[in-house]
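Structure record follows, encoded as structure tokens.
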Amino acid sequence: MARQNNTLFLEQWLRTNVGGISYSVSGHSSLSTSSSSARAIIQAWSEIRDSLQNQTFNPLILQSLKTLLNSQASLHVADPQAKLLLSVLSSRSFDLPSESYPILLRLLYIWVRKSFRPSTALIGSAVDVLSHVFATEFGSKKSPSFLAEGILILGAISFVPSVSESSKIACLELLCRLLEEDYELVRLGEEIIPDVLAGIGYALSSSVDVHFVRVWDSLLGIWGKEDGPRSTVPTALMILHLVEWVVSGCIKSRSLKKIEAFSQQILGTTKASYVPFALVMVAAGVLRASRQAANGQGLEFVSRLRISAENQIAFTAQQLISETKGYINSDNDPANSLLRQCLSLALARSGAVSFTAPVLLCLASALLREIFPLSHLYMQILLFIHSSGSEFDTNKIKRHLDSTLFKEAGVITGVFCNQYVSADEESKSLVESLIWDYCRDVYSGHRQVALLLRERNNELLVDLEKIAESAFLMVVVFALAVTKQRLNSNFSEEIQREQSVQILVSFSCLEYFRRMRLPEYMDTIRRVVACVQENESACISFVESMPTYVDLTTWQDFSSKQKMGYEWSKDEVQTARVLFYVRVIPTCIERLPAHVFRRVVTPAMFLYMGHPNGKVARASHSMFVAFMSSGKDFKDERVSLKEQLVFYYMQRSLEGYPDITPFEGMASGVAALVRHLPAGSPATFYCIHSLVDKANNLLSDANALKADDWKNWQGGPEPCKKILELLSRLISLVDIQVLPTLMKSLAQLIIQLPKTGQTMVLNELYTQVAESDDVTRKPTLVSWLQSLSYISSQAKMEVFTSKERESKENSTSLGTVEQQARL
């Protein structure tokens with residue numbers, strides 16, 4: 001909070017509150033990094049004094065002044081030095097160069113602000129000199145810096161308590177005249193705005209009330225003049241903190257007359273010349289100052305002042321809504337854009353205010369269009385790509401990322417949510433619709449832009465995604481507020497379900513931008529999923545919002561050439577959204593009718609089983625597992641669908657194994673289907689035969705290689721081992737009707753293995769059967785294993801005998817050849 005007694009140079013304090021915006025000061029830096037030595041400073045004063053005594057202008061005097069200016073952070077100007085400066089200003093013996101005037105005025109300003117009690121007589125003399133300088137020199141030597149330093153020193157003198165009332169009035173009169181007659185100079189040098197505002201701040205804090213309203217008129221009206229300075233966010237923020245500083249001083253000194261005039265004439269009756277963005281920032285500055293005062297003193301007049309400020313903000317918001325007719329995406333007026341930004345920053349820096357519908361809607365508009373302007377950016381980028389073919393100005397987005405507005409997005413979101421919590425039902429429904437529609441627009445826009453920019457302009461894409469990530473956080477925080485407001489007994493179950501589905505769909509659209517684990521996100525998901533999974537219609541509504549197979553595999557908005565090159569597996573934005581559905585749908589699978597699952601879910605599920613990203617493919621297998629595990633009745637439509645899906649599931653899984661299909665995902669799917677299909681189901685037999693065929697193919701490929709690592713089972717091909725492992729596990733899972741077929745097929749596979757492989761697989765099977773508690777199938781399995789071991793050993797003996805016979809035959813042949821050779 002601003003305090004007058006610890007703010008030495010108001011213009012510097014204003015700059016620090018802008019939020020990273022840097023301004024030079026009147027053509028020279030008030031925070032100069034260079035600093036002259038004590039010797040140089042003494043020398044500079046000496047040269048100025050000598051030049052004045054000799055009554056001849058020395059060109060080096062300008063350099064001396066600059067030397068002093070460079071040390072202003074540590075420079076102290078006492079009354080004798082101030083008298084010397086005034087003598088230089090008033091001397092008629094030499095004509096000073098134009099650039100020396102702003103420096104002389106700045107040095108006098110340092111004198112006024114740093115002196116504990118400047119000489120009253122010397123201050124009176126300074127007022128006379130300044131009046132003469134501006135009457136005779138300013139007209140021919142006008143410059144932005146001359147104007148700024150003049151306003152700054154005049155305001156500073158009027159702020160000194162010990163200065164006579166007549167001197168103060170003279171300074172205020174001259175200051176007002178400069179603002180009213182030469183305001184266009186501010187536009188020519190916008191770097192001087194902090195100095196001009198600081199001078200106005202000093203003037204408004206003067207102990208005299210004369211010209212108080214007149215100065216306010218200049219502050220609030222200068223920005224709206226045709227040739228006046230530009231209206232910008234940094235300027236608006238400085239106005240906010242300027243007013244905070246001024247009002248804090250008035251409250252502290254109990255300047256009731258000024259506060260009353262401020263409340264009634266400035267905030268109470270808005271003049272046509274007052275610019276809306278400046279009024280909003282003035283009101284916000286009042287709120288900041290009044291909150292600090294109310295916390296410490298509880299003064300009644302502060303409460304009235306606060307009410308006036310809140311009413312002014314609400315009135316300005318209402319005017320904006322009326323002018324734009326509430327439209328968010330169709331309003332391209334720069335003035336309205338600035339006003340939305342200022343409203344959001346004003347509320348972010350002034351704290352909570354009472355709810356009004358216009359303020360809530362303006363905050364929503366600011367968030368969606370000004371702070372996270374993704375829809376607008378996507379439109380511009382696509383226009384550049386498709387029409388001109390030129391590169392988009394990436395610096396535009398970088399500037400936005402570095403802006404105060406974007407950096408305060410979190411605070412603005414908090415204010416927005418607080419307004420939402422206090423809102424009426426109509427306003428709540430309106431902003432909810434705006435946020436949910438925005439999420440869909442971002443999904444659609446970013447999907448297009450990402451596909452076009454990837455590997456073409458990755459830097460631009462990264463910057464866009466930084467904005468989108470912050471937008472995702474905003475949506476999460478808002479969605480949590482919605483769940484707390486809507487998902488309770490005060491609302492019907494239908495409303496609760498509708499909002500839950502909307503939140504899930506919105507989250508799916510922004511899932512691509514979820515780069516961290518957020519407690520707010522998890523809390524919201526848990527609450528809305530619990531609501532959806534309790535009702536069949538809500539489950540159906542959510543599932544049917546999933547993109548269709550046609551949407552997933554084609555892109556209708558692309559040109560024919562681009563459409564031919566579209567690859568669904570490389571569409572990362574779409575993949576993230578589908579992955580969200582694939583993870584959430586299992587939570588409500590019990591309530592989802594089989595025909596809806598067949599029509600909507602299965603096409604996407606089987607498509608993404610073939611996704612090259614293992615995480616996505618595994619999630620699709622998990623979806624299949626969830627469906628196979630759902631439902632307990634073996635006589636309904638769900639069972640029939642399960643059996644039908646198995647045939648395509650095995651084809652889809654095995655055709656991509658081992659290159660694409662993750663074994664863990666397929667193994668979990670196979671385990672689920674053998675557990676949950678009816679006993680003796682043809683689908684189970686098909687699953688076994690498919691696995692066996694795949695294993696045979698893999699074995700054939702391995703045998704064809706005749707590699708040493710295949711003969712040594714330890715280094716054998718992993719895909720084949722894993723299929724055998726899966727088949728081995730199934731002996732304890734399949735029903736009794738399927739078990740004989742599985743045992744026969746598995747035995748045939750084991751016999752084909754190398755000696756080491758047979759031994760290892762049989763040992764694993766022995767261990768598995770020994771640990772089994774299934775008294776029904778254990779005797780059968782023990783007998784089967786004994787027979788299999790015997791057959792395996794016999795096969796080994798036959799192989800050994802065959803090899804021995806072949807060796808003897810080779811030896812005999814070799815002997816015959818050697819004998820013939822000797823003959």
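Here, A, B, ... name the chains of the structure tokens in the order displayed, residue numbers run from 1 inside each chain, and ligands are numbered from 1 in the same displayed order.
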
Find the residues around A:Ser728 up to 10 Å (only C-alpha atoms counted), leave out those fewer than 2 positions away in its own chain, and share them as an mmCIF file with C-alpha atoms, in the first residue's frame.
```
data_model
loop_
_atom_site.group_PDB
_atom_site.id
_atom_site.type_symbol
_atom_site.label_atom_id
_atom_site.label_comp_id
_atom_site.auth_asym_id
_atom_site.auth_seq_id
_atom_site.Cartn_x
_atom_site.Cartn_y
_atom_site.Cartn_z
ATOM 1 C CA LYS A 722 5.388 -63.793 -23.959
ATOM 2 C CA ILE A 723 2.689 -65.539 -26.006
ATOM 3 C CA LEU A 724 3.692 -68.885 -24.451
ATOM 4 C CA GLU A 725 3.669 -67.262 -21.031
ATOM 5 C CA LEU A 726 0.156 -65.917 -21.645
ATOM 6 C CA LEU A 730 -4.651 -69.226 -19.113
ATOM 7 C CA ILE A 731 -4.690 -72.850 -17.891
ATOM 8 C CA SER A 732 -5.801 -71.575 -14.498
ATOM 9 C CA LEU A 733 -8.308 -69.072 -15.952
ATOM 10 C CA LEU A 742 -5.861 -75.225 -24.444
ATOM 11 C CA MET A 743 -3.799 -78.094 -23.014
ATOM 12 C CA LEU A 746 -0.039 -75.684 -25.553
ATOM 13 C CA VAL A 761 8.378 -73.776 -19.727
ATOM 14 C CA LEU A 762 7.661 -77.133 -18.102
ATOM 15 C CA GLU A 764 7.136 -72.870 -14.828
ATOM 16 C CA LEU A 765 4.021 -74.940 -15.477
ATOM 17 C CA GLN A 768 2.048 -72.882 -11.375
#
```

Quiz item: Leaving out A:Ser231 and any residue of its chain fewer than 4 positions from it, which residues lie within 9 Å of it when counting only C-alpha atoms, given as a PyMOL selection string?
Solution: chain A and resi 223-224+235-236+277-278+335+338

Take the residues that were just selected and, keeping N, CA and C atoms, output them as a PDB file, in the first residue's frame.
```pdb
ATOM      1  N   TRP A 223      -6.735  11.762 -22.005  1.00  0.00           N
ATOM      2  CA  TRP A 223      -6.547  10.559 -22.826  1.00  0.00           C
ATOM      3  C   TRP A 223      -7.592  10.443 -23.932  1.00  0.00           C
ATOM      4  N   GLY A 224      -8.675  11.162 -23.793  1.00  0.00           N
ATOM      5  CA  GLY A 224      -9.731  11.060 -24.786  1.00  0.00           C
ATOM      6  C   GLY A 224      -9.655  12.103 -25.883  1.00  0.00           C
ATOM      7  N   THR A 235      -0.139   2.811 -18.707  1.00  0.00           N
ATOM      8  CA  THR A 235      -0.646   4.106 -18.254  1.00  0.00           C
ATOM      9  C   THR A 235      -1.797   3.913 -17.273  1.00  0.00           C
ATOM     10  N   ALA A 236      -2.696   2.992 -17.606  1.00  0.00           N
ATOM     11  CA  ALA A 236      -3.840   2.734 -16.732  1.00  0.00           C
ATOM     12  C   ALA A 236      -3.390   2.267 -15.352  1.00  0.00           C
ATOM     13  N   PHE A 277     -11.692   4.133 -19.295  1.00  0.00           N
ATOM     14  CA  PHE A 277     -10.630   3.298 -18.724  1.00  0.00           C
ATOM     15  C   PHE A 277      -9.965   4.015 -17.545  1.00  0.00           C
ATOM     16  N   ALA A 278      -9.816   5.354 -17.651  1.00  0.00           N
ATOM     17  CA  ALA A 278      -9.202   6.109 -16.562  1.00  0.00           C
ATOM     18  C   ALA A 278     -10.109   6.136 -15.340  1.00  0.00           C
ATOM     19  N   ALA A 335     -10.766   0.444 -28.182  1.00  0.00           N
ATOM     20  CA  ALA A 335     -11.128   1.119 -26.929  1.00  0.00           C
ATOM     21  C   ALA A 335     -11.837   0.168 -25.980  1.00  0.00           C
ATOM     22  N   LEU A 338      -9.282  -2.301 -24.563  1.00  0.00           N
ATOM     23  CA  LEU A 338      -8.520  -1.700 -23.469  1.00  0.00           C
ATOM     24  C   LEU A 338      -9.356  -1.628 -22.203  1.00  0.00           C
TER      25      LEU A 338
END
```

Quiz prompt | Separation of atom CA of A:Thr767 from atom CA of A:Gln786, in Å and rounded to one decimal | solution =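 Atom-to-atom, atom CA of A:Thr767 and atom CA of A:Gln786 are spaced 13.2 Å apart.
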
Self-check item: Residue neighbourhood A:Leu320, 8 Å, only C-alpha atoms, exclusion window fewer than 3 positions, as a PyMOL selection string
Solution: chain A and resi 316-317+323-324+336+362

Quiz prompt | Per-residue DSSP, stretch 649-799 of chain A, filtered to alpha helix (DSSP H), as a VMD selection string | solution = chain A and resid 649 to 655 663 to 676 682 to 705 708 to 711 718 to 730 739 to 751 755 to 770 778 to 799

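In this structure, atom CA of A:Thr780 sits 25.6 Å away from atom CA of A:Ser668.
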
Practice problem: Please provide as a PyMOL selection string all residues within 10 Å of A:Val543, with the sequence filter that same-chain residues fewer than 6 positions apart are discarded (counting only C-alpha atoms). | Solution: chain A and resi 501+505+537+581-582+584-585+588-589+592+596-597+600-601

Dump all heavy atoms for the selected residues as a compact mmCIF listing (two decimals), in the first residue's frame?
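Written out: selection.txt:
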```
# COMPACT_ATOMS: atom_id res chain seq x y z
N VAL A 501 -21.70 -33.31 -17.05
CA VAL A 501 -21.35 -33.70 -18.42
C VAL A 501 -20.63 -32.55 -19.13
O VAL A 501 -19.63 -32.76 -19.84
CB VAL A 501 -22.60 -34.14 -19.19
CG1 VAL A 501 -22.29 -34.32 -20.68
CG2 VAL A 501 -23.17 -35.42 -18.62
N VAL A 505 -16.88 -32.80 -20.76
CA VAL A 505 -16.63 -32.52 -22.17
C VAL A 505 -15.62 -31.39 -22.32
O VAL A 505 -14.71 -31.45 -23.16
CB VAL A 505 -17.95 -32.18 -22.89
CG1 VAL A 505 -17.68 -31.73 -24.33
CG2 VAL A 505 -18.89 -33.38 -22.90
N SER A 537 -28.73 -41.84 -18.42
CA SER A 537 -28.84 -40.79 -19.43
C SER A 537 -27.62 -39.88 -19.42
O SER A 537 -27.16 -39.41 -20.46
CB SER A 537 -30.12 -39.96 -19.20
OG SER A 537 -30.08 -39.30 -17.95
N TYR A 581 -11.49 -39.60 -22.81
CA TYR A 581 -12.72 -40.40 -22.84
C TYR A 581 -12.43 -41.85 -22.47
O TYR A 581 -13.17 -42.47 -21.69
CB TYR A 581 -13.34 -40.35 -24.24
CG TYR A 581 -14.16 -39.12 -24.50
CD1 TYR A 581 -13.60 -38.00 -25.11
CD2 TYR A 581 -15.50 -39.05 -24.14
CE1 TYR A 581 -14.35 -36.86 -25.36
CE2 TYR A 581 -16.26 -37.91 -24.38
CZ TYR A 581 -15.67 -36.82 -24.99
OH TYR A 581 -16.42 -35.69 -25.22
N VAL A 582 -11.35 -42.38 -23.01
CA VAL A 582 -11.03 -43.78 -22.77
C VAL A 582 -10.74 -44.04 -21.29
O VAL A 582 -10.99 -45.13 -20.78
CB VAL A 582 -9.81 -44.19 -23.65
CG1 VAL A 582 -9.28 -45.55 -23.25
CG2 VAL A 582 -10.22 -44.21 -25.12
N VAL A 584 -12.13 -42.12 -18.76
CA VAL A 584 -13.30 -41.80 -17.94
C VAL A 584 -14.45 -42.78 -18.18
O VAL A 584 -15.16 -43.16 -17.23
CB VAL A 584 -13.77 -40.35 -18.21
CG1 VAL A 584 -15.07 -40.05 -17.48
CG2 VAL A 584 -12.69 -39.36 -17.80
N ILE A 585 -14.65 -43.22 -19.40
CA ILE A 585 -15.80 -44.09 -19.72
C ILE A 585 -15.83 -45.35 -18.86
O ILE A 585 -16.91 -45.77 -18.42
CB ILE A 585 -15.82 -44.42 -21.22
CG1 ILE A 585 -16.19 -43.17 -22.03
CG2 ILE A 585 -16.79 -45.55 -21.53
CD1 ILE A 585 -16.15 -43.36 -23.53
N CYS A 588 -18.05 -45.35 -15.78
CA CYS A 588 -19.51 -45.40 -15.87
C CYS A 588 -19.98 -46.49 -16.82
O CYS A 588 -21.08 -46.43 -17.37
CB CYS A 588 -20.07 -44.04 -16.29
SG CYS A 588 -19.43 -43.43 -17.87
N ILE A 589 -19.14 -47.52 -17.02
CA ILE A 589 -19.42 -48.55 -18.01
C ILE A 589 -20.63 -49.40 -17.62
O ILE A 589 -21.36 -49.91 -18.49
CB ILE A 589 -18.17 -49.45 -18.20
CG1 ILE A 589 -18.23 -50.17 -19.54
CG2 ILE A 589 -18.01 -50.43 -17.06
CD1 ILE A 589 -17.85 -49.33 -20.70
N LEU A 592 -23.80 -47.86 -18.94
CA LEU A 592 -23.82 -47.56 -20.38
C LEU A 592 -24.44 -48.72 -21.14
O LEU A 592 -23.95 -49.85 -21.09
CB LEU A 592 -22.39 -47.31 -20.88
CG LEU A 592 -22.26 -46.78 -22.30
CD1 LEU A 592 -22.88 -45.39 -22.41
CD2 LEU A 592 -20.79 -46.73 -22.71
N VAL A 596 -25.07 -48.49 -27.17
CA VAL A 596 -24.34 -47.22 -27.23
C VAL A 596 -22.84 -47.49 -27.26
O VAL A 596 -22.09 -46.86 -28.01
CB VAL A 596 -24.71 -46.32 -26.03
CG1 VAL A 596 -23.88 -45.03 -26.04
CG2 VAL A 596 -26.19 -45.98 -26.05
N PHE A 597 -22.40 -48.45 -26.47
CA PHE A 597 -20.99 -48.80 -26.48
C PHE A 597 -20.58 -49.29 -27.86
O PHE A 597 -19.53 -48.91 -28.37
CB PHE A 597 -20.72 -49.88 -25.43
CG PHE A 597 -19.27 -50.19 -25.24
CD1 PHE A 597 -18.49 -49.47 -24.37
CD2 PHE A 597 -18.66 -51.22 -25.97
CE1 PHE A 597 -17.13 -49.75 -24.21
CE2 PHE A 597 -17.32 -51.51 -25.82
CZ PHE A 597 -16.55 -50.77 -24.93
N VAL A 600 -20.78 -46.08 -30.46
CA VAL A 600 -19.94 -44.90 -30.25
C VAL A 600 -18.51 -45.25 -29.84
O VAL A 600 -17.55 -44.71 -30.38
CB VAL A 600 -20.57 -43.97 -29.18
CG1 VAL A 600 -19.70 -42.73 -28.97
CG2 VAL A 600 -21.97 -43.57 -29.57
N VAL A 601 -18.39 -46.17 -28.89
CA VAL A 601 -17.09 -46.39 -28.26
C VAL A 601 -16.21 -47.36 -29.04
O VAL A 601 -15.02 -47.12 -29.23
CB VAL A 601 -17.28 -46.89 -26.81
CG1 VAL A 601 -15.92 -47.11 -26.16
CG2 VAL A 601 -18.09 -45.90 -26.01
```

Quiz prompt | Residue with smallest distance to A:Pro519 - pool A:Leu174, A:Met546, A:Val477, A:Ile313, counting only C-alpha atoms | solution = A:Val477
